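Student: Just my_file.txt, nothing more (compact mmCIF, C-alpha atoms (C1' of nucleotides)):
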```txt
# COMPACT_ATOMS: atom_id res chain seq x y z
CA MET X 121 24.65 1.83 71.95
CA PRO X 122 20.88 1.75 71.36
CA THR X 123 19.06 2.98 68.27
CA LEU X 124 17.89 6.11 70.04
CA LEU X 125 21.43 7.30 70.71
CA TYR X 126 22.54 6.62 67.15
CA ASN X 127 19.53 8.58 65.92
CA ALA X 128 20.41 11.54 68.12
CA LEU X 129 24.03 11.51 66.96
CA ILE X 130 23.13 11.17 63.28
CA ARG X 131 20.70 14.06 63.58
CA ALA X 132 23.15 16.26 65.49
CA ASN X 133 25.85 15.71 62.87
CA HIS X 134 23.42 16.36 60.05
CA ILE X 135 22.31 19.65 61.62
CA ALA X 136 25.93 20.67 62.15
CA GLY X 137 26.51 20.10 58.43
CA LEU X 138 28.81 17.13 59.08
CA THR X 139 27.05 14.99 56.52
CA HIS X 140 29.97 12.62 56.10
CA LYS X 141 30.09 11.95 59.83
CA SER X 142 26.37 11.28 59.93
CA LEU X 143 26.63 8.78 57.06
CA LEU X 144 29.58 7.14 58.77
CA LEU X 145 27.54 6.74 61.96
CA PHE X 146 24.84 5.02 59.94
CA THR X 147 27.27 2.45 58.54
CA GLN X 148 28.66 1.96 62.04
CA MET X 149 25.16 1.40 63.27
CA LEU X 150 24.57 -1.31 60.68
CA SER X 151 27.89 -3.04 61.30
CA ASN X 152 27.13 -3.10 65.03
CA GLN X 153 23.80 -4.68 64.20
CA VAL X 154 21.81 -1.87 65.77
CA PRO X 155 18.50 -1.74 63.87
CA PRO X 156 17.63 1.66 62.37
CA ASN X 157 14.03 2.77 62.80
CA SER X 158 11.79 5.39 61.21
CA TYR X 159 13.53 8.18 63.13
CA THR X 160 16.91 7.22 61.71
CA PHE X 161 16.14 7.86 58.07
CA PRO X 162 15.01 11.49 57.66
CA PRO X 163 18.31 13.05 58.75
CA ILE X 164 20.43 10.41 57.06
CA LEU X 165 18.54 10.84 53.78
CA LYS X 166 19.05 14.60 53.92
CA SER X 167 22.75 14.06 54.51
CA ALA X 168 22.80 11.72 51.51
CA ALA X 169 21.22 14.42 49.34
CA THR X 170 24.58 16.21 49.25
CA TYR X 171 26.25 13.17 47.66
CA PRO X 172 25.81 11.45 44.27
CA PRO X 173 22.34 9.93 43.69
CA HIS X 174 23.22 6.27 44.19
CA LEU X 175 23.57 6.89 47.93
CA GLY X 176 19.98 8.05 48.16
CA THR X 177 18.85 5.03 46.18
CA ALA X 178 20.82 2.69 48.46
CA LEU X 179 19.17 4.26 51.49
CA HIS X 180 15.79 3.93 49.80
CA SER X 181 16.43 0.16 49.65
CA GLN X 182 17.35 0.18 53.32
CA VAL X 183 14.05 1.95 54.04
CA LEU X 184 12.23 -0.81 52.15
CA LYS X 185 14.19 -3.56 53.88
CA ARG X 186 13.43 -2.16 57.32
CA GLY X 187 9.73 -1.91 56.52
CA VAL X 188 9.37 1.81 57.22
CA LEU X 189 8.49 3.04 53.74
CA SER X 190 4.95 3.87 54.80
CA ASP X 191 6.17 6.42 57.33
CA PRO X 192 5.05 9.86 56.10
CA PHE X 193 8.19 11.60 57.41
CA ILE X 194 10.40 9.21 55.46
CA GLN X 195 8.27 9.47 52.31
CA THR X 196 8.48 13.26 52.37
CA THR X 197 12.21 13.19 52.99
CA LEU X 198 12.66 10.78 50.07
CA VAL X 199 10.84 13.27 47.84
CA VAL X 200 13.24 15.98 49.05
CA THR X 201 16.32 13.81 48.61
CA TYR X 202 15.47 12.73 45.06
CA SER X 203 14.61 16.31 44.20
CA ARG X 204 17.97 17.56 45.45
CA ASN X 205 19.59 14.84 43.36
CA ASN X 206 17.70 16.26 40.35
CA ARG X 207 15.65 13.06 40.08
CA VAL X 208 12.23 14.66 39.99
CA ASP X 209 10.91 11.50 38.29
CA HIS X 210 11.92 9.38 41.29
CA ALA X 211 10.56 12.01 43.66
CA TRP X 212 7.22 11.79 41.86
CA LYS X 213 7.17 7.99 42.10
CA VAL X 214 7.56 8.20 45.85
CA PHE X 215 5.05 11.03 46.08
CA VAL X 216 2.22 9.24 44.27
CA GLU X 217 2.50 6.33 46.68
CA ILE X 218 1.65 8.59 49.62
CA PRO X 219 -1.96 7.54 50.35
CA PHE X 220 -3.41 10.77 51.76
CA PHE X 221 -3.07 14.31 50.57
CA CYS X 222 -0.64 15.72 53.04
CA VAL X 223 0.18 19.40 52.69
CA VAL X 224 3.81 18.93 53.77
CA ALA X 225 4.43 16.17 51.22
CA CYS X 226 2.68 18.24 48.53
CA ASN X 227 4.90 21.21 49.36
CA ALA X 228 8.00 19.03 49.08
CA MET X 229 6.82 17.85 45.66
CA LEU X 230 5.93 21.40 44.62
CA ASN X 231 9.44 22.47 45.49
CA ALA X 232 10.84 19.46 43.63
CA PHE X 233 9.15 20.69 40.44
CA CYS X 234 10.18 24.29 41.04
CA THR X 235 13.85 23.62 41.69
CA ASN X 236 14.06 21.30 38.69
CA GLY X 237 12.65 23.85 36.29
CA ASP X 238 9.19 22.30 35.81
CA ILE X 239 7.01 25.24 36.73
CA GLU X 240 4.04 23.84 34.76
CA GLY X 241 4.20 20.64 36.84
CA ALA X 242 4.36 22.73 39.98
CA LEU X 243 1.41 24.90 38.99
CA SER X 244 -0.65 21.87 38.01
CA LEU X 245 -0.04 20.26 41.42
CA PHE X 246 -0.63 23.57 43.20
CA GLU X 247 -4.02 23.92 41.55
CA ARG X 248 -5.02 20.37 42.47
CA MET X 249 -3.98 20.62 46.12
CA PRO X 250 -6.98 20.45 48.47
CA ASN X 251 -5.17 22.58 51.04
CA ARG X 252 -2.57 25.24 50.63
CA ASP X 253 -0.73 26.83 53.48
CA VAL X 254 1.78 29.66 53.61
CA VAL X 255 4.60 27.30 52.61
CA SER X 256 2.68 26.18 49.49
CA TRP X 257 2.17 29.80 48.45
CA THR X 258 5.73 30.76 49.19
CA THR X 259 7.04 27.77 47.28
CA ILE X 260 5.07 28.60 44.14
CA VAL X 261 5.90 32.32 44.35
CA ASN X 262 9.55 31.43 44.75
CA GLY X 263 9.26 28.80 42.01
CA PHE X 264 8.25 31.43 39.46
CA ALA X 265 11.09 33.63 40.67
CA LEU X 266 13.56 30.76 40.31
CA ASN X 267 12.42 30.27 36.74
CA GLY X 268 12.78 33.95 35.93
CA SER X 269 9.04 34.72 35.80
CA TYR X 270 9.17 37.57 38.26
CA GLU X 271 5.92 39.20 37.15
CA ALA X 272 4.09 35.91 37.62
CA ALA X 273 5.67 35.53 41.07
CA ILE X 274 4.39 38.98 42.05
CA ARG X 275 0.94 38.21 40.60
CA LEU X 276 0.71 35.04 42.69
CA PHE X 277 1.76 36.94 45.78
CA GLY X 278 -1.02 39.42 44.99
CA MET X 279 -3.53 36.55 44.72
CA MET X 280 -2.42 35.26 48.08
CA MET X 281 -2.82 38.68 49.68
CA ALA X 282 -6.18 39.28 48.03
CA HIS X 283 -7.47 35.93 49.32
CA LYS X 284 -8.47 34.91 45.82
CA ASP X 285 -8.08 31.26 46.73
CA VAL X 286 -11.49 29.82 47.57
CA VAL X 287 -10.21 26.87 49.56
CA ASP X 288 -7.66 28.62 51.63
CA CYS X 289 -8.64 32.15 52.48
CA LEU X 290 -6.72 32.78 55.65
CA VAL X 291 -3.13 32.43 54.60
CA LYS X 292 -0.87 35.13 56.00
CA PRO X 293 2.51 35.72 54.46
CA ASN X 294 5.56 35.29 56.62
CA GLU X 295 9.21 36.31 56.34
CA ALA X 296 10.03 33.68 53.70
CA THR X 297 7.13 34.91 51.55
CA PHE X 298 8.31 38.51 51.80
CA VAL X 299 11.84 37.52 50.87
CA SER X 300 10.64 35.69 47.73
CA VAL X 301 8.44 38.51 46.51
CA LEU X 302 10.97 41.25 47.35
CA SER X 303 13.62 39.34 45.43
CA SER X 304 11.26 39.12 42.43
CA CYS X 305 10.62 42.86 42.58
CA ALA X 306 14.36 43.54 42.73
CA ASN X 307 14.91 41.50 39.59
CA LEU X 308 12.55 43.71 37.60
CA ASP X 309 13.25 47.17 36.40
CA SER X 310 9.91 48.88 36.46
CA ARG X 311 8.30 51.54 38.56
CA ALA X 312 5.49 49.06 39.23
CA ALA X 313 7.94 46.56 40.72
CA LEU X 314 9.40 49.23 43.00
CA ASP X 315 5.91 50.22 44.08
CA CYS X 316 5.10 46.60 44.81
CA GLY X 317 8.27 46.28 46.89
CA LYS X 318 7.37 49.46 48.78
CA GLN X 319 3.90 48.10 49.47
CA VAL X 320 5.40 44.91 50.86
CA HIS X 321 7.72 47.05 53.00
CA GLY X 322 4.71 49.01 54.19
CA TYR X 323 2.91 45.80 55.13
CA ILE X 324 5.99 44.65 57.03
CA VAL X 325 6.10 47.90 59.01
CA MET X 326 2.35 48.03 59.66
CA ASN X 327 2.23 44.44 60.83
CA GLU X 328 5.31 44.83 63.00
CA VAL X 329 7.05 41.99 61.20
CA ASN X 330 10.52 41.47 62.58
CA LEU X 331 13.15 43.09 60.35
CA GLY X 332 15.37 40.00 60.43
CA ILE X 333 18.44 39.20 58.37
CA PHE X 334 16.54 37.77 55.40
CA VAL X 335 13.85 40.46 55.11
CA GLY X 336 16.29 43.28 55.85
CA THR X 337 18.81 42.06 53.30
CA SER X 338 16.10 41.62 50.65
CA LEU X 339 14.89 45.18 51.22
CA ILE X 340 18.42 46.63 50.98
CA ASN X 341 18.91 44.68 47.76
CA LEU X 342 15.60 45.92 46.33
CA TYR X 343 16.25 49.58 47.13
CA GLY X 344 19.86 49.34 46.00
CA LYS X 345 18.86 47.88 42.62
CA MET X 346 16.14 50.51 42.18
CA GLY X 347 18.48 53.40 42.95
CA CYS X 348 16.77 54.34 46.22
CA LEU X 349 19.95 54.50 48.27
CA ASN X 350 18.43 56.46 51.16
CA TYR X 351 15.84 53.76 51.69
CA ALA X 352 18.53 51.06 51.60
CA VAL X 353 20.66 52.90 54.18
CA ASN X 354 17.61 53.46 56.32
CA VAL X 355 16.79 49.74 56.40
CA PHE X 356 20.43 48.88 57.09
CA ASP X 357 20.53 51.29 60.05
CA ARG X 358 17.32 49.96 61.51
CA MET X 359 18.40 46.34 61.51
CA VAL X 360 19.22 44.94 64.92
CA SER X 361 21.62 42.29 63.68
CA ARG X 362 23.43 42.02 60.37
CA GLU X 363 25.26 39.18 58.72
CA VAL X 364 27.79 39.04 55.89
CA CYS X 365 25.05 38.93 53.24
CA THR X 366 23.50 42.11 54.71
CA TRP X 367 26.81 43.94 54.44
CA ASN X 368 27.28 42.55 50.93
CA ALA X 369 23.92 43.93 49.82
CA MET X 370 24.75 47.35 51.31
CA ILE X 371 28.26 47.45 49.82
CA SER X 372 26.86 46.48 46.38
CA SER X 373 24.10 49.08 46.63
CA LEU X 374 26.61 51.84 47.37
CA ALA X 375 28.99 50.59 44.67
CA SER X 376 26.35 50.64 41.96
CA ASN X 377 24.87 54.01 42.92
CA GLY X 378 27.89 56.23 42.56
CA LYS X 379 28.97 56.00 46.22
CA GLU X 380 32.19 54.07 45.69
CA LYS X 381 34.08 55.71 48.52
CA GLU X 382 31.23 55.02 50.96
CA SER X 383 31.14 51.46 49.70
CA LEU X 384 34.82 50.97 50.57
CA ASP X 385 34.26 52.64 53.96
CA MET X 386 31.48 50.15 54.60
CA PHE X 387 33.86 47.32 53.77
CA GLU X 388 36.33 48.64 56.36
CA LYS X 389 33.56 48.97 58.94
CA MET X 390 32.47 45.42 58.27
CA LYS X 391 35.95 44.13 58.98
CA VAL X 392 36.17 46.22 62.16
CA GLU X 393 32.95 44.58 63.34
CA GLY X 394 34.70 41.23 63.06
CA LEU X 395 32.85 39.84 60.03
CA GLN X 396 34.68 37.65 57.56
CA PRO X 397 34.28 38.93 53.96
CA ASN X 398 33.34 36.20 51.50
CA SER X 399 33.55 35.75 47.76
CA ILE X 400 30.49 37.94 47.14
CA THR X 401 31.83 40.73 49.36
CA LEU X 402 34.96 40.85 47.23
CA VAL X 403 32.98 41.03 43.99
CA ALA X 404 31.10 44.00 45.45
CA VAL X 405 34.23 45.76 46.69
CA LEU X 406 36.12 45.19 43.44
CA THR X 407 33.12 46.62 41.60
CA ALA X 408 33.29 49.70 43.80
CA CYS X 409 37.00 50.04 42.98
CA ALA X 410 36.33 49.68 39.24
CA HIS X 411 33.50 52.22 39.22
CA GLY X 412 35.37 54.67 41.45
CA ASN X 413 38.63 54.32 39.57
CA PHE X 414 40.46 53.11 42.68
CA VAL X 415 42.97 51.15 40.61
CA ARG X 416 45.74 50.70 43.15
CA GLU X 417 43.36 49.68 45.98
CA GLY X 418 41.45 47.28 43.76
CA LEU X 419 44.53 45.60 42.40
CA GLU X 420 46.01 45.24 45.86
CA LEU X 421 42.80 43.72 47.13
CA PHE X 422 42.61 41.32 44.19
CA ARG X 423 46.18 40.16 44.76
CA SER X 424 45.82 39.67 48.48
CA MET X 425 42.32 38.21 48.71
CA SER X 426 43.48 34.57 48.89
CA ARG X 427 45.93 35.38 51.65
CA ASP X 428 43.86 37.86 53.67
CA PHE X 429 40.37 36.44 53.32
CA LYS X 430 40.95 32.89 52.12
CA VAL X 431 38.84 33.65 49.04
CA VAL X 432 40.24 32.17 45.84
CA PRO X 433 39.40 34.44 42.86
CA ILE X 434 36.70 33.07 40.58
CA MET X 435 35.54 34.31 37.16
CA GLN X 436 33.60 37.27 38.58
CA HIS X 437 36.61 38.59 40.47
CA TYR X 438 38.65 38.39 37.28
CA GLY X 439 35.84 40.20 35.46
CA CYS X 440 35.99 43.02 38.01
CA VAL X 441 39.73 43.41 37.95
CA ILE X 442 39.88 43.39 34.13
CA ASP X 443 37.13 46.00 34.12
CA LEU X 444 39.08 48.00 36.72
CA LEU X 445 42.34 47.93 34.75
CA GLY X 446 40.62 48.29 31.39
CA ARG X 447 38.69 51.42 32.31
CA ALA X 448 41.88 53.01 33.61
CA GLY X 449 43.74 52.12 30.40
CA HIS X 450 46.15 49.62 31.98
CA LEU X 451 45.62 47.24 29.10
CA GLN X 452 48.95 45.46 29.15
CA GLU X 453 48.52 44.59 32.79
CA ALA X 454 44.98 43.38 32.15
CA ALA X 455 46.20 41.21 29.24
CA ASP X 456 48.88 39.70 31.49
CA ILE X 457 46.28 38.74 34.05
CA ILE X 458 44.11 37.14 31.35
CA ARG X 459 47.07 35.19 29.96
CA ASN X 460 47.99 33.90 33.40
CA MET X 461 44.52 33.02 34.63
CA PRO X 462 44.36 29.52 36.14
CA PHE X 463 41.23 28.77 34.07
CA GLN X 464 39.88 29.82 30.68
CA PRO X 465 38.41 33.34 30.72
CA ASP X 466 34.76 33.54 29.78
CA ALA X 467 32.90 36.04 27.62
CA SER X 468 32.38 38.50 30.48
CA VAL X 469 36.13 38.76 31.20
CA LEU X 470 37.13 38.92 27.54
CA GLY X 471 34.24 41.25 26.76
CA ALA X 472 35.36 43.68 29.46
CA PHE X 473 38.86 43.59 28.02
CA LEU X 474 37.77 44.04 24.42
CA GLY X 475 35.54 46.94 25.41
CA ALA X 476 38.54 48.62 27.00
CA CYS X 477 40.71 47.91 23.92
CA ARG X 478 38.13 49.55 21.71
CA ILE X 479 37.86 52.61 23.92
CA HIS X 480 41.63 53.00 24.19
CA GLY X 481 42.32 52.02 20.55
CA ALA X 482 44.55 49.06 21.40
CA ILE X 483 44.01 47.10 18.17
CA GLU X 484 46.82 44.56 18.52
CA LEU X 485 46.11 43.53 22.07
CA GLY X 486 42.45 43.37 21.19
CA GLU X 487 43.20 41.08 18.29
CA GLU X 488 45.17 38.63 20.38
CA ILE X 489 42.51 38.33 23.04
CA GLY X 490 39.74 38.58 20.46
CA ARG X 491 41.05 35.48 18.68
CA LYS X 492 41.08 33.62 21.96
CA MET X 493 37.54 34.70 22.52
CA LEU X 494 36.30 33.65 19.10
CA LYS X 495 37.86 30.23 19.58
CA LEU X 496 36.02 29.84 22.83
CA GLN X 497 32.72 31.22 21.72
CA THR X 498 32.41 30.13 18.08
CA GLU X 499 29.54 27.69 18.52
CA HIS X 500 27.86 29.90 21.00
CA CYS X 501 27.97 33.26 19.42
CA GLY X 502 28.57 32.34 15.78
CA GLN X 503 25.49 30.20 15.60
CA TYR X 504 23.37 32.82 17.23
CA VAL X 505 24.48 35.54 14.87
CA LEU X 506 24.11 33.27 11.85
CA LEU X 507 20.64 32.25 12.91
CA SER X 508 19.70 35.83 13.51
CA SER X 509 20.89 36.88 10.03
CA MET X 510 19.11 33.97 8.39
CA ASN X 511 15.89 34.96 10.07
CA ALA X 512 16.37 38.54 9.02
CA GLU X 513 16.92 37.49 5.39
CA LYS X 514 13.67 35.64 5.42
CA GLU X 515 12.03 38.68 6.96
CA ARG X 516 11.25 36.84 10.18
CA TRP X 517 12.05 39.98 12.04
CA ASP X 518 10.54 38.99 15.35
CA ARG X 519 12.64 35.81 15.57
CA ALA X 520 15.74 37.65 14.46
CA ALA X 521 15.15 40.25 17.13
CA ASN X 522 14.61 37.56 19.75
CA LEU X 523 17.90 35.90 18.89
CA ARG X 524 19.68 39.20 19.12
CA LYS X 525 18.10 39.61 22.53
CA ASP X 526 19.41 36.16 23.52
CA ILE X 527 22.89 37.25 22.57
CA THR X 528 22.61 40.29 24.80
CA GLU X 529 21.16 38.29 27.65
CA ALA X 530 23.92 35.71 27.41
CA GLY X 531 26.33 38.52 28.22
CA ILE X 532 28.20 38.17 24.92
CA GLN X 533 26.83 41.26 23.26
CA LYS X 534 30.28 42.60 22.56
CA ILE X 535 31.16 39.81 20.12
CA PRO X 536 29.06 40.69 17.08
CA ALA X 537 30.19 44.30 17.40
CA TYR X 538 33.80 43.22 17.30
CA SER X 539 33.98 42.85 13.55
CA MET X 540 37.72 43.55 13.29
CA VAL X 541 38.38 40.02 14.55
CA HIS X 542 36.62 38.60 11.48
CA LEU X 543 38.88 40.57 9.17
CA THR X 544 42.12 38.95 10.39
C1' DT O 4 14.11 12.43 68.63
C1' DT O 5 11.51 12.78 62.80
C1' DA O 6 8.85 15.98 57.06
C1' DG O 7 7.98 21.32 53.44
C1' DG O 8 9.31 27.41 51.66
C1' DG O 9 13.70 32.33 52.05
C1' DT O 10 18.78 36.90 51.31
C1' DT O 11 23.68 38.98 48.78
C1' DA O 12 27.22 38.61 42.73
C1' DG O 13 31.47 43.72 37.14
```
What would the structure in this file look like if it were written as C-alpha cells?
Tutor:
Amino acid sequence: MPTLLYNALIRANHIAGLTHKSLLLFTQMLSNQVPPNSYTFPPILKSAATYPPHLGTALHSQVLKRGVLSDPFIQTTLVVTYSRNNRVDHAWKVFVEIPFFCVVACNAMLNAFCTNGDIEGALSLFERMPNRDVVSWTTIVNGFALNGSYEAAIRLFGMMMAHKDVVDCLVKPNEATFVSVLSSCANLDSRAALDCGKQVHGYIVMNEVNLGIFVGTSLINLYGKMGCLNYAVNVFDRMVSREVCTWNAMISSLASNGKEKESLDMFEKMKVEGLQPNSITLVAVLTACAHGNFVREGLELFRSMSRDFKVVPIMQHYGCVIDLLGRAGHLQEAADIIRNMPFQPDASVLGAFLGACRIHGAIELGEEIGRKMLKLQTEHCGQYVLLSSMNAEKERWDRAANLRKDITEAGIQKIPAYSMVHLT
DNA sequence: TTAGGGTTAG
C-alpha cells in the first residue's frame, strides 16, 4: 500500500476519533517500510496529543529523521501537540524555529499560552504579531475567559469591534468569537455584562448570522444565568437544530429560574425527540428536582441513571441528590448515600449535607459527617482560616478579607461556620 | 490529502 493510502487512512481514523487506530496504522506503515511524508504527520501528531507526552516526542524524532521538520504544517501541529501535552516550553522551542511570521502558527502558539494559563505570554505575543486575523482575536478573547478574566475578554472583544487595532482594521467576528464573548458575559453578574450580551445578540440578528448550535446554546446560557427566561426560551424556539448541550442549557435555565416543572417537561421532550441525555443533563435535571422538591422523582432518576442513560454518577450528581434529600429533611437517607459513595465526598457534597443538618437541627448526624469533612479538608480550610485570622490580628484587613473570599470561592464556605465540630 | 479559535454543570 503506498504512502498516499496510509495517509488517507490515518487521517480518516483521526477525524473519526479513532486515535489508537490511526497510531496503529502508522506503526504498520513503518514496519511495512512505507516511508511517511509531510502529509502523514499532522493527523498522527494530533492523535498522539491524546496520549502521554513521550509519544509526541517520539513522533517529533521521526519528523526529524524523515527530514520534514521544516514543513510549516508539521511545525504548527507540533506546537499544538506539545501544548495539548501541557509542554508549552517545548511548543515554544518549535515555534521560535519557524522562520517566517505565519499567522496560523502564531495563533497555535497563542492558544498554547492561553490553555496553559500563561495569559501574559499570550498577550505579549499577541501584541508583537504583525498580522492578526479573526482567529487571533478569538483566541485571546477566549484566553482571558479561560483564565477567569471575563471583563478583560469583553474589553478585547470591544477593541476588535471598534477597530482599535492599527495593523488589522478589517477583522469581523464570527460564530466562535460570539461564543467566547457570550460565555464571558454569562460568567459575570452585572447589568453591564447582560447589556453587552444583548448587544452581541443584536449584532447577530442584524448581520443575519446563523443561529447555530454554538451561538444558540451560548445565548440560552447567557439569558438563563441572567434570569431572562423569556429571552432564553425565545432563542431556543428559533433554533433550527438543537443538540444535547442546547437542551442542557435550556433545562438548566428553567431549573435555576423557578420553573422546575417546565424543566422536567423539557427533559421528557428531549427524550421523546430521541436525544441521549448525558452527565450534564442529569446534573441539570437533578437540580430541578432539588429546587422543586420533587424528592421521589429525583431519587428515582439518581438510582436509575446508570441503567437508563449509561451515566455513572459523579461528584456533582451526588451533590444534587444530597441537596435534594437534605432540603426535604431526609437526612438519614442522605447520610446513607454519603457513607456508601464509591469515592470520597468533597466539600460541596458534605457542605450540602451539613447545611441541611443545621436547618433541621440534626446535631449527631452532622457531627459524624462533619468529622469526616474536617479530616478531608484540614489543610485546605484550616490553613485558610488560620491565615485569615492571623492577618486580621495584624490588622491586615484587606488580606484577611481576600482569604475569606478565597474560602467562599473554593466552595467550602460552610466549614468555618460549622464551629460545633471544633467543640467535639 | 495537510496547520490555528468556540457551547452546556447543585
Student: Give the answer as one residue: which of X:Ser468, X:Asn205, X:Asn327, X:Asn227 has the shortest atom-to-atom distance to chain O, using only C-alpha atoms (C1' of nucleotides)?
Tutor: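 The answer is X:Asn227, which sits nearest to chain O.
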Student: If we count all atoms listed in the file and set the cut-off at 7 Å, which residues sit around O:DT5, ignoring sequence neighbours fewer than 5 positions away in its own chain? Please answer as JSON, numbers by chain.
Tutor: {"X": [159, 162, 193]}
Student: Could you pull the residues within 10 Å of O:DG9, counting all atoms listed in the file, minus those fewer than 3 positions along the same chain, as a PyMOL selection string?
Tutor: chain X and resi 258-259+262+294-301+303+334-335+338
Student: I need the chosen residues saved as an mmCIF file, in the coordinates of the input, with C-alpha atoms.
Tutor:
```
data_model
loop_
_atom_site.group_PDB
_atom_site.id
_atom_site.type_symbol
_atom_site.label_atom_id
_atom_site.label_comp_id
_atom_site.auth_asym_id
_atom_site.auth_seq_id
_atom_site.Cartn_x
_atom_site.Cartn_y
_atom_site.Cartn_z
ATOM 1 C CA THR X 258 5.730 30.760 49.190
ATOM 2 C CA THR X 259 7.040 27.770 47.280
ATOM 3 C CA ASN X 262 9.550 31.430 44.750
ATOM 4 C CA ASN X 294 5.560 35.290 56.620
ATOM 5 C CA GLU X 295 9.210 36.310 56.340
ATOM 6 C CA ALA X 296 10.030 33.680 53.700
ATOM 7 C CA THR X 297 7.130 34.910 51.550
ATOM 8 C CA PHE X 298 8.310 38.510 51.800
ATOM 9 C CA VAL X 299 11.840 37.520 50.870
ATOM 10 C CA SER X 300 10.640 35.690 47.730
ATOM 11 C CA VAL X 301 8.440 38.510 46.510
ATOM 12 C CA SER X 303 13.620 39.340 45.430
ATOM 13 C CA PHE X 334 16.540 37.770 55.400
ATOM 14 C CA VAL X 335 13.850 40.460 55.110
ATOM 15 C CA SER X 338 16.100 41.620 50.650
#
```
Student: Provide the atom CA of X:Val403 to atom CA of X:Leu445 distance in Å, to one decimal place.
Tutor: 14.9 Å
Student: Report, in Å to a single decimal, how far apart atom CA of X:Ala476 and atom CA of X:Thr401 are.
Tutor: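 If I compute the distance from atom CA of X:Thr401 to atom CA of X:Ala476, I get 24.6 Å.
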Student: Considering only C-alpha atoms, state which residue in the set X:Asn341, X:Asn413, X:Ser424, X:Asn460 is at the smallest distance from X:Ala448.
Tutor: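 Between X:Asn341, X:Asn413, X:Ser424, X:Asn460, the residue approaching X:Ala448 most closely is X:Asn413.
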Student: For stretch 265-273 of chain X, find every residue with an atom within 8 Å (counting all atoms listed in the file), except residues of its own chain fewer than 2 positions away, and show them as an MDAnalysis selection string.
Tutor: chainID X and resid 234:235 237 239 260:263 275:277 300:301 303:305 307:308
Student: Go ahead and compute the interatomic distance for atom CA of X:Met390 and atom CA of X:Cys440, in Å to one decimal.
Tutor: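 Computing it gives 20.7 Å between the two atoms.
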Student: Find the residues around O:DT4 up to 9 Å (all atoms listed in the file counted), leave out those fewer than 5 positions away in its own chain, and share them as a PyMOL selection string.
Tutor: chain X and resi 124+127-128+131+159
Student: May I ask which of the residues X:Asp315, X:Glu363, X:Glu380, X:Glu247 is the closest one to chain O, counting all atoms listed in the file?
Tutor: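 Answer, going by the shortest atom-to-atom distance: X:Glu363.
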Student: Show which residues sit within 8 Å of O:DA6, as a ChimeraX atom specification. Count all atoms listed in the file, and ignore same-chain residues fewer than 2 positions away.
Tutor: /X:162,192-194,196-197,224-225
Student: Pick out the closest residue to O:DA12 from this set: X:Ile434, X:Glu388, X:Leu245, X:Ala404. Count all atoms listed in the file.
Tutor: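 Of the candidates, the smallest distance to O:DA12 is held by X:Ala404.
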Student: I need the residue nearest chain O from this list: X:Phe264, X:Phe215, X:Phe161, X:Phe220. Use all atoms listed in the file for the distance.
Tutor: X:Phe161
